[in-house]
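Engineer: Got a structure for you, my_file.cif, holding mmCIF, C-alpha atoms.
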```
data_data
#
loop_
_atom_site.label_atom_id
_atom_site.label_comp_id
_atom_site.auth_asym_id
_atom_site.auth_seq_id
_atom_site.Cartn_x
_atom_site.Cartn_y
_atom_site.Cartn_z
CA MET T 1 29.87 17.86 -26.47
CA SER T 2 28.17 19.06 -23.29
CA VAL T 3 28.98 22.62 -22.23
CA GLY T 4 28.29 24.20 -18.85
CA PHE T 5 28.53 27.87 -17.90
CA ILE T 6 29.44 29.24 -14.47
CA GLY T 7 28.91 32.92 -13.62
CA LEU T 8 25.93 34.76 -15.09
CA GLY T 9 26.88 38.38 -14.45
CA ALA T 10 26.66 41.18 -16.98
CA MET T 11 29.20 39.48 -19.26
CA GLY T 12 28.44 35.85 -18.51
CA GLU T 13 24.73 36.06 -19.21
CA GLY T 14 25.27 37.30 -22.75
CA MET T 15 27.96 34.70 -23.41
CA ALA T 16 25.74 31.90 -22.09
CA LYS T 17 22.85 33.05 -24.26
CA ASN T 18 25.05 32.95 -27.36
CA LEU T 19 26.15 29.41 -26.52
CA ALA T 20 22.51 28.44 -26.19
CA ARG T 21 21.66 30.04 -29.55
CA SER T 22 24.36 27.87 -31.11
CA GLY T 23 22.83 24.77 -29.54
CA LEU T 24 25.89 24.13 -27.38
CA LEU T 25 24.82 25.03 -23.85
CA SER T 26 23.76 22.18 -21.57
CA GLY T 27 23.58 23.75 -18.11
CA VAL T 28 24.30 26.80 -15.95
CA PHE T 29 25.33 27.67 -12.41
CA ASN T 30 25.33 31.02 -10.66
CA ARG T 31 25.78 32.04 -7.03
CA THR T 32 22.50 33.94 -7.28
CA THR T 33 20.35 30.89 -7.82
CA ASP T 34 17.14 32.70 -8.77
CA LYS T 35 18.87 34.31 -11.74
CA ALA T 36 20.27 30.97 -12.88
CA LYS T 37 16.88 29.26 -12.59
CA VAL T 38 15.15 31.91 -14.67
CA LEU T 39 17.84 31.86 -17.36
CA ALA T 40 18.00 28.06 -17.47
CA GLU T 41 14.25 27.90 -18.02
CA ALA T 42 14.38 30.55 -20.73
CA LEU T 43 17.23 28.79 -22.54
CA HIS T 44 15.84 25.28 -22.01
CA VAL T 45 18.98 24.04 -20.29
CA THR T 46 19.64 22.45 -16.90
CA PHE T 47 19.90 24.57 -13.77
CA TYR T 48 22.57 23.29 -11.39
CA GLU T 49 22.48 24.02 -7.68
CA GLN T 50 26.07 22.85 -7.18
CA ILE T 51 29.21 23.50 -9.21
CA GLU T 52 30.41 19.99 -8.43
CA THR T 53 27.37 18.42 -10.08
CA LEU T 54 27.74 20.57 -13.20
CA ALA T 55 31.45 19.72 -13.41
CA ALA T 56 30.75 16.00 -13.30
CA ASP T 57 28.34 16.24 -16.26
CA MET T 58 30.27 18.46 -18.68
CA ASP T 59 32.94 18.00 -21.33
CA VAL T 60 33.60 21.76 -21.49
CA ILE T 61 33.10 24.31 -18.71
CA VAL T 62 33.13 28.06 -19.38
CA MET T 63 33.44 30.35 -16.38
CA CYS T 64 33.19 34.12 -16.00
CA VAL T 65 33.51 35.39 -12.43
CA ALA T 66 34.65 38.60 -10.83
CA ALA T 67 37.98 38.20 -9.04
CA ASP T 68 41.03 36.04 -8.42
CA ALA T 69 39.64 34.52 -5.22
CA ASP T 70 36.40 33.65 -7.03
CA VAL T 71 38.31 31.84 -9.77
CA ILE T 72 40.24 29.72 -7.28
CA ASP T 73 37.06 28.94 -5.33
CA VAL T 74 35.30 27.77 -8.50
CA ILE T 75 38.29 25.77 -9.73
CA THR T 76 38.65 24.10 -6.32
CA ALA T 77 34.99 23.06 -6.49
CA ILE T 78 35.31 21.83 -10.09
CA GLN T 79 38.40 19.87 -9.11
CA GLN T 80 36.36 17.62 -6.83
CA THR T 81 34.29 15.98 -9.58
CA VAL T 82 35.70 16.97 -12.98
CA LYS T 83 36.29 14.20 -15.50
CA PRO T 84 39.74 13.60 -17.04
CA GLY T 85 39.96 15.42 -20.37
CA THR T 86 37.40 18.09 -19.50
CA VAL T 87 38.38 21.54 -20.78
CA VAL T 88 37.81 24.52 -18.49
CA ILE T 89 37.76 27.92 -20.23
CA ASP T 90 38.12 30.86 -17.86
CA SER T 91 37.02 34.17 -19.37
CA SER T 92 37.36 36.09 -16.09
CA THR T 93 39.95 38.86 -15.81
CA VAL T 94 42.48 37.90 -13.14
CA SER T 95 46.25 37.74 -12.69
CA SER T 96 48.53 35.46 -14.69
CA ASP T 97 49.55 33.80 -11.42
CA THR T 98 45.94 32.87 -10.71
CA ALA T 99 45.57 31.36 -14.19
CA ILE T 100 48.69 29.25 -13.66
CA LYS T 101 47.44 28.08 -10.26
CA ALA T 102 44.05 27.15 -11.74
CA SER T 103 45.74 25.14 -14.47
CA GLN T 104 47.88 23.30 -11.93
CA LEU T 105 44.87 22.43 -9.75
CA LEU T 106 42.98 20.98 -12.70
CA ALA T 107 46.01 19.07 -13.94
CA THR T 108 45.88 16.95 -10.78
CA LYS T 109 42.61 15.52 -12.19
CA GLN T 110 43.87 15.34 -15.80
CA ALA T 111 41.56 18.21 -16.75
CA LYS T 112 42.68 20.94 -19.15
CA PHE T 113 42.62 24.73 -18.78
CA LEU T 114 42.62 27.80 -21.00
CA ASP T 115 42.87 31.31 -19.61
CA ALA T 116 40.71 33.20 -22.06
CA PRO T 117 39.81 36.72 -20.93
CA VAL T 118 37.69 38.80 -23.28
CA SER T 119 37.36 42.40 -24.39
CA GLY T 120 34.32 44.13 -25.83
CA GLY T 121 32.14 44.93 -22.85
CA VAL T 122 28.54 44.01 -22.26
CA GLU T 123 27.68 44.90 -25.85
CA GLY T 124 30.26 42.45 -27.15
CA ALA T 125 29.07 39.72 -24.80
CA THR T 126 25.47 40.25 -25.88
CA ASN T 127 26.22 40.42 -29.60
CA GLY T 128 28.85 37.67 -29.70
CA THR T 129 31.52 40.10 -30.92
CA LEU T 130 34.04 39.75 -28.10
CA ALA T 131 37.78 39.48 -28.71
CA MET T 132 39.31 36.61 -26.73
CA MET T 133 42.98 36.41 -25.70
CA ILE T 134 43.98 32.84 -24.87
CA GLY T 135 46.81 31.29 -22.90
CA GLY T 136 47.35 27.55 -22.96
CA ASP T 137 47.79 24.63 -25.35
CA GLU T 138 46.95 25.71 -28.90
CA ALA T 139 45.59 22.23 -29.69
CA LEU T 140 42.94 22.73 -27.02
CA ILE T 141 41.69 25.82 -28.82
CA GLU T 142 40.94 23.73 -31.89
CA GLN T 143 39.22 21.13 -29.72
CA VAL T 144 36.80 23.70 -28.31
CA ARG T 145 36.72 26.17 -31.21
CA PRO T 146 32.94 25.83 -31.81
CA VAL T 147 32.39 26.88 -28.20
CA LEU T 148 34.72 29.87 -28.52
CA GLU T 149 33.27 30.96 -31.86
CA ALA T 150 29.75 30.98 -30.42
CA MET T 151 30.80 33.74 -28.00
CA THR T 152 33.42 35.74 -29.88
CA ALA T 153 34.36 37.39 -33.15
CA ARG T 154 38.13 37.16 -32.65
CA ILE T 155 40.10 34.31 -31.07
CA ILE T 156 43.81 34.98 -30.56
CA HIS T 157 46.21 32.44 -29.08
CA ILE T 158 48.78 34.47 -27.16
CA GLY T 159 51.03 31.75 -25.74
CA GLN T 160 51.49 29.63 -22.66
CA THR T 161 49.15 29.52 -19.67
CA GLY T 162 48.86 32.95 -18.08
CA SER T 163 49.70 34.85 -21.24
CA GLY T 164 46.04 35.45 -22.05
CA GLN T 165 45.65 37.26 -18.76
CA ALA T 166 48.85 39.23 -19.35
CA ALA T 167 47.49 40.34 -22.74
CA LYS T 168 44.22 41.36 -21.09
CA ALA T 169 46.24 43.47 -18.65
CA VAL T 170 47.69 45.32 -21.66
CA ASN T 171 44.13 45.89 -22.84
CA GLN T 172 43.08 47.27 -19.47
CA VAL T 173 46.00 49.71 -19.37
CA MET T 174 44.94 50.96 -22.81
CA CYS T 175 41.34 51.31 -21.65
CA ALA T 176 42.51 53.54 -18.81
CA GLY T 177 44.43 55.75 -21.23
CA ILE T 178 41.56 55.97 -23.70
CA ASN T 179 39.13 56.85 -20.94
CA GLN T 180 41.46 59.61 -19.75
CA ALA T 181 42.06 60.93 -23.28
CA VAL T 182 38.39 61.00 -24.31
CA THR T 183 37.38 62.57 -21.01
CA GLU T 184 40.00 65.30 -21.27
CA ALA T 185 39.27 65.99 -24.95
CA LEU T 186 35.51 66.30 -24.40
CA ARG T 187 36.07 68.60 -21.46
CA PHE T 188 38.37 70.74 -23.62
CA GLY T 189 35.84 70.81 -26.45
CA GLU T 190 33.01 71.88 -24.17
CA ALA T 191 35.21 74.71 -22.89
CA GLN T 192 35.45 75.95 -26.49
CA SER T 193 31.62 76.13 -26.69
CA LEU T 194 31.57 73.67 -29.58
CA PRO T 195 28.54 71.61 -30.67
CA MET T 196 30.04 68.49 -29.13
CA GLU T 197 27.84 65.85 -30.71
CA ARG T 198 28.95 67.13 -34.11
CA VAL T 199 32.54 67.13 -32.92
CA ILE T 200 32.23 63.50 -31.83
CA ASP T 201 30.77 62.60 -35.23
CA ALA T 202 33.64 64.33 -37.01
CA VAL T 203 36.44 63.02 -34.82
CA SER T 204 35.13 59.45 -34.83
CA GLY T 205 35.82 59.21 -38.54
CA GLY T 206 39.42 60.36 -38.29
CA ALA T 207 42.73 59.33 -36.78
CA ALA T 208 41.50 59.96 -33.22
CA GLY T 209 38.39 57.82 -33.64
CA ASN T 210 37.96 54.95 -31.19
CA TRP T 211 35.29 52.61 -29.84
CA PHE T 212 35.01 54.38 -26.49
CA LEU T 213 34.40 57.77 -28.06
CA SER T 214 31.79 56.40 -30.47
CA HIS T 215 29.92 54.36 -27.86
CA ARG T 216 30.29 56.52 -24.74
CA GLY T 217 30.97 60.07 -25.92
CA VAL T 218 27.39 61.29 -26.28
CA SER T 219 26.23 59.73 -23.00
CA MET T 220 29.21 61.33 -21.24
CA LEU T 221 28.13 64.75 -22.50
CA LYS T 222 24.69 64.06 -21.04
CA ARG T 223 26.27 63.05 -17.72
CA GLU T 224 24.76 59.57 -18.11
CA TYR T 225 26.89 56.52 -17.32
CA PRO T 226 24.87 53.30 -17.75
CA PRO T 227 27.15 50.32 -17.06
CA GLY T 228 28.87 48.65 -19.96
CA PHE T 229 32.11 48.10 -18.06
CA LYS T 230 31.60 48.73 -14.37
CA LEU T 231 34.11 51.05 -12.77
CA LYS T 232 34.67 48.76 -9.78
CA LEU T 233 35.73 45.95 -12.13
CA HIS T 234 38.15 48.11 -14.09
CA HIS T 235 39.55 49.36 -10.79
CA LYS T 236 40.14 45.74 -9.76
CA ASP T 237 41.82 45.02 -13.10
CA LEU T 238 44.06 48.09 -12.90
CA LYS T 239 45.22 47.06 -9.43
CA ILE T 240 46.33 43.77 -11.00
CA CYS T 241 48.15 45.73 -13.73
CA GLN T 242 49.79 47.90 -11.07
CA THR T 243 51.11 44.84 -9.24
CA MET T 244 52.38 43.27 -12.47
CA ALA T 245 54.11 46.53 -13.42
CA ASN T 246 55.75 46.81 -10.02
CA ASN T 247 57.02 43.24 -10.27
CA ALA T 248 58.44 43.98 -13.72
CA HIS T 249 59.88 47.36 -12.62
CA VAL T 250 57.79 49.17 -15.25
CA HIS T 251 56.35 52.63 -14.60
CA ILE T 252 52.69 53.10 -15.64
CA PRO T 253 51.80 56.60 -14.36
CA LEU T 254 48.52 56.86 -16.26
CA VAL T 255 47.25 53.74 -14.52
CA ASP T 256 48.37 55.09 -11.15
CA LYS T 257 46.48 58.34 -11.85
CA THR T 258 43.36 56.49 -12.98
CA ILE T 259 43.34 54.28 -9.88
CA LYS T 260 43.43 57.35 -7.63
CA GLU T 261 40.52 58.93 -9.49
CA TYR T 262 38.58 55.67 -9.44
CA ASP T 263 39.18 55.55 -5.68
CA GLN T 264 37.33 58.88 -5.41
CA LEU T 265 34.46 57.57 -7.49
CA LEU T 266 34.22 54.34 -5.53
CA ALA T 267 34.12 56.32 -2.29
CA SER T 268 31.25 58.36 -3.76
CA GLY T 269 29.23 55.26 -4.65
CA HIS T 270 29.89 55.13 -8.41
CA GLY T 271 31.36 51.61 -8.56
CA ASP T 272 28.45 50.10 -10.49
CA GLU T 273 28.43 52.82 -13.14
CA ASP T 274 30.34 52.69 -16.42
CA ILE T 275 34.00 53.72 -16.41
CA SER T 276 32.97 56.78 -18.43
CA VAL T 277 31.79 58.23 -15.10
CA LEU T 278 35.40 59.40 -14.84
CA TYR T 279 34.10 62.38 -16.82
CA SER T 280 32.20 63.51 -13.73
CA VAL T 281 35.46 63.76 -11.75
CA LEU T 282 37.50 65.64 -14.33
CA ASN T 283 34.61 67.89 -15.24
CA ASP T 284 34.21 69.10 -11.66
CA ASP T 285 37.84 70.05 -10.95
#
```
Translate this file's structure into structure tokens.

Structural biologist:
Amino acid sequence: MSVGFIGLGAMGEGMAKNLARSGLLSGVFNRTTDKAKVLAEALHVTFYEQIETLAADMDVIVMCVAADADVIDVITAIQQTVKPGTVVIDSSTVSSDTAIKASQLLATKQAKFLDAPVSGGVEGATNGTLAMMIGGDEALIEQVRPVLEAMTARIIHIGQTGSGQAAKAVNQVMCAGINQAVTEALRFGEAQSLPMERVIDAVSGGAAGNWFLSHRGVSMLKREYPPGFKLKLHHKDLKICQTMANNAHVHIPLVDKTIKEYDQLLASGHGDEDISVLYSVLNDD
């Protein structure tokens, strides 16, 4: 089974490396060709200059790109040369509508599609501990399970095409709430003149413990925000959630609030920092 990877950003690079460690990766493509060449050489796989050439050679294609338009551009290119029966796994975070459109485009060439967004950040991508939410034919998951297991720790079939992306939207709404809650709680704790690193240690072991607090709390106190999940990407995801909520006539005020605060941070040049940089906004009110 030949596997190609498209999109070697912060998440994609780690996922591709884990596929290579499992002996499954055959080739890579990235818009920044120098990065792809260096990685291909390091992993002893083929560097592809064109998506169409990669698509023609692979049985399975994994892609991880930034936005809805990027997904459709990649799928349109794949569509030109893909073989019947090829399985395309999209781990990007986009709208359910985009996932459905991608599936329909590939179906015209008898190729298969799974929308398979992931959660776990750069650390999860690097360590192979991502959680993957999948929409599409459950039988396809079994067909490509070795590929999925090389990149993830949890594989959950949600339902029909597009449902993986809808589940990821739920995840992104929760991430916004957790970011807000941890930020507000740390600000409150600092105002009480508490030894906050000890507080984080104590709270992390109780009912309020969570991944974000454990992995970002101390760096937030230091006003350091190295990217694990870039703010500009979460902002993009939350705008998708906002549209979905409006279409479903569901009110998500915490997301609306977070988007406004992210807008401030983007305008101040913080888009490439971790979403924990929200602490810098709320701490300066």

Engineer: Could you give me, as a PyMOL selection string, the residues within 8 Å of range 154-162 of chain T, counting only C-alpha atoms and dropping anything in the same chain fewer than 6 positions from it?

Structural biologist: chain T and resi 95-100+103+114-115+129-138+148

Engineer: Hey, what comes out of the PyMOL selection byres ((chain T and resi 151) around 9) on this file? Could you write it as a ChimeraX atom specification?

Structural biologist: /T:14-19,124-130,147-150,152-153

Engineer: Go through T:Ile89, T:Leu25, T:Val255, T:Ile178 and flag the residue nearest Arg216 in chain T, using only C-alpha atoms for the distances.

Structural biologist: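 The closest residue to Arg216 in chain T is T:Ile178.
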
Engineer: Mind telling me what the PyMOL selection byres ((chain T and resi 27) around 7) catches here, as an MDAnalysis selection string?

Structural biologist: chainID T and resid 3:5 25:26 28 45:48

Engineer: In Å, how far is it from CA of Gly85 in chain T to CA of Ser22 in chain T?

Structural biologist: 22.7 Å

Engineer: By how many Å are CA of Ile51 in chain T and CA of Asn30 in chain T apart?

Structural biologist: 8.6 Å

Engineer: Closest to Gly271 in chain T among T:Arg31, T:His234, T:His249, T:His44, using only C-alpha atoms?

Structural biologist: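 Of T:Arg31, T:His234, T:His249, T:His44, the one nearest Gly271 in chain T is T:His234, counting only C-alpha atoms.
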
Engineer: Quick check on the file I pasted: which residues fall under the PyMOL selection byres ((chain T and resi 9) around 9)? Write them as a count of residues only.

Structural biologist: 11

Engineer: Distance CA of Asp201 in chain T-CA of Val218 in chain T, one decimal place?

Structural biologist: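 Answer for the CA of Asp201 in chain T to CA of Val218 in chain T separation: 9.7 Å.
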
Engineer: Using all atoms listed in the file, which protein or nucleic acid residues come within 8 Å of Leu238 in chain T? Drop anything in the same chain fewer than 4 positions from it, and give the result as a PyMOL selection string.

Structural biologist: chain T and resi 169+172-173+234+242+255+259

Engineer: Go through T:Val94, T:Ala36, T:Ile200, T:Leu266 and flag the residue nearest Pro117 in chain T, using all atoms listed in the file for the distances.

Structural biologist: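 Closest to Pro117 in chain T of all the choices is T:Val94.
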
Engineer: Which one is closest to Met63 in chain T: T:Lys83, T:Asp237, T:Ser91, T:Leu39? Count all atoms listed in the file.

Structural biologist: T:Ser91

Engineer: Pick the closest to Ser276 in chain T from T:Ala208, T:Ile252, T:Ala20, T:Cys175: which is it, counting all atoms listed in the file?

Structural biologist: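 Closest to Ser276 in chain T, using all atoms listed in the file: T:Cys175.
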
Engineer: Using only C-alpha atoms, which protein or nucleic acid residues come within 10 Å of Glu197 in chain T? Drop anything in the same chain fewer than 2 positions from it, and give the result as number ranges by chain.

Structural biologist: T: 186, 194-195, 199-203, 217-219, 221

Engineer: Restrict the selected residues to C-alpha atoms and save them as a JSON list (two decimals), keeping the file's coordinate frame.

Structural biologist:
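Saved the output as again.json:
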```json
[["chain", "number", "residue", "atom", "x", "y", "z"],
["T", 186, "LEU", "CA", 35.51, 66.30, -24.40],
["T", 194, "LEU", "CA", 31.57, 73.67, -29.58],
["T", 195, "PRO", "CA", 28.54, 71.61, -30.67],
["T", 199, "VAL", "CA", 32.54, 67.13, -32.92],
["T", 200, "ILE", "CA", 32.23, 63.50, -31.83],
["T", 201, "ASP", "CA", 30.77, 62.60, -35.23],
["T", 202, "ALA", "CA", 33.64, 64.33, -37.01],
["T", 203, "VAL", "CA", 36.44, 63.02, -34.82],
["T", 217, "GLY", "CA", 30.97, 60.07, -25.92],
["T", 218, "VAL", "CA", 27.39, 61.29, -26.28],
["T", 219, "SER", "CA", 26.23, 59.73, -23.00],
["T", 221, "LEU", "CA", 28.13, 64.75, -22.50]]
```

Engineer: Restricting the calculation to all atoms listed in the file: of T:Val74, T:Ala107, T:Val38, T:Val87, which residue gets closest to Ser2 in chain T?

Structural biologist: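 Nearest candidate to Ser2 in chain T out of T:Val74, T:Ala107, T:Val38, T:Val87: T:Val87.
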
Engineer: With a distance cut-off of 12 Å and only C-alpha atoms, select the neighbouring residues of Asp274 in chain T, excluding the residue or stretch itself and same-chain residues fewer than 6 positions from it, and output the selection as a PyMOL selection string.

Structural biologist: chain T and resi 121-122+179+212+215-216+219-220+223-235+262+265-266+280
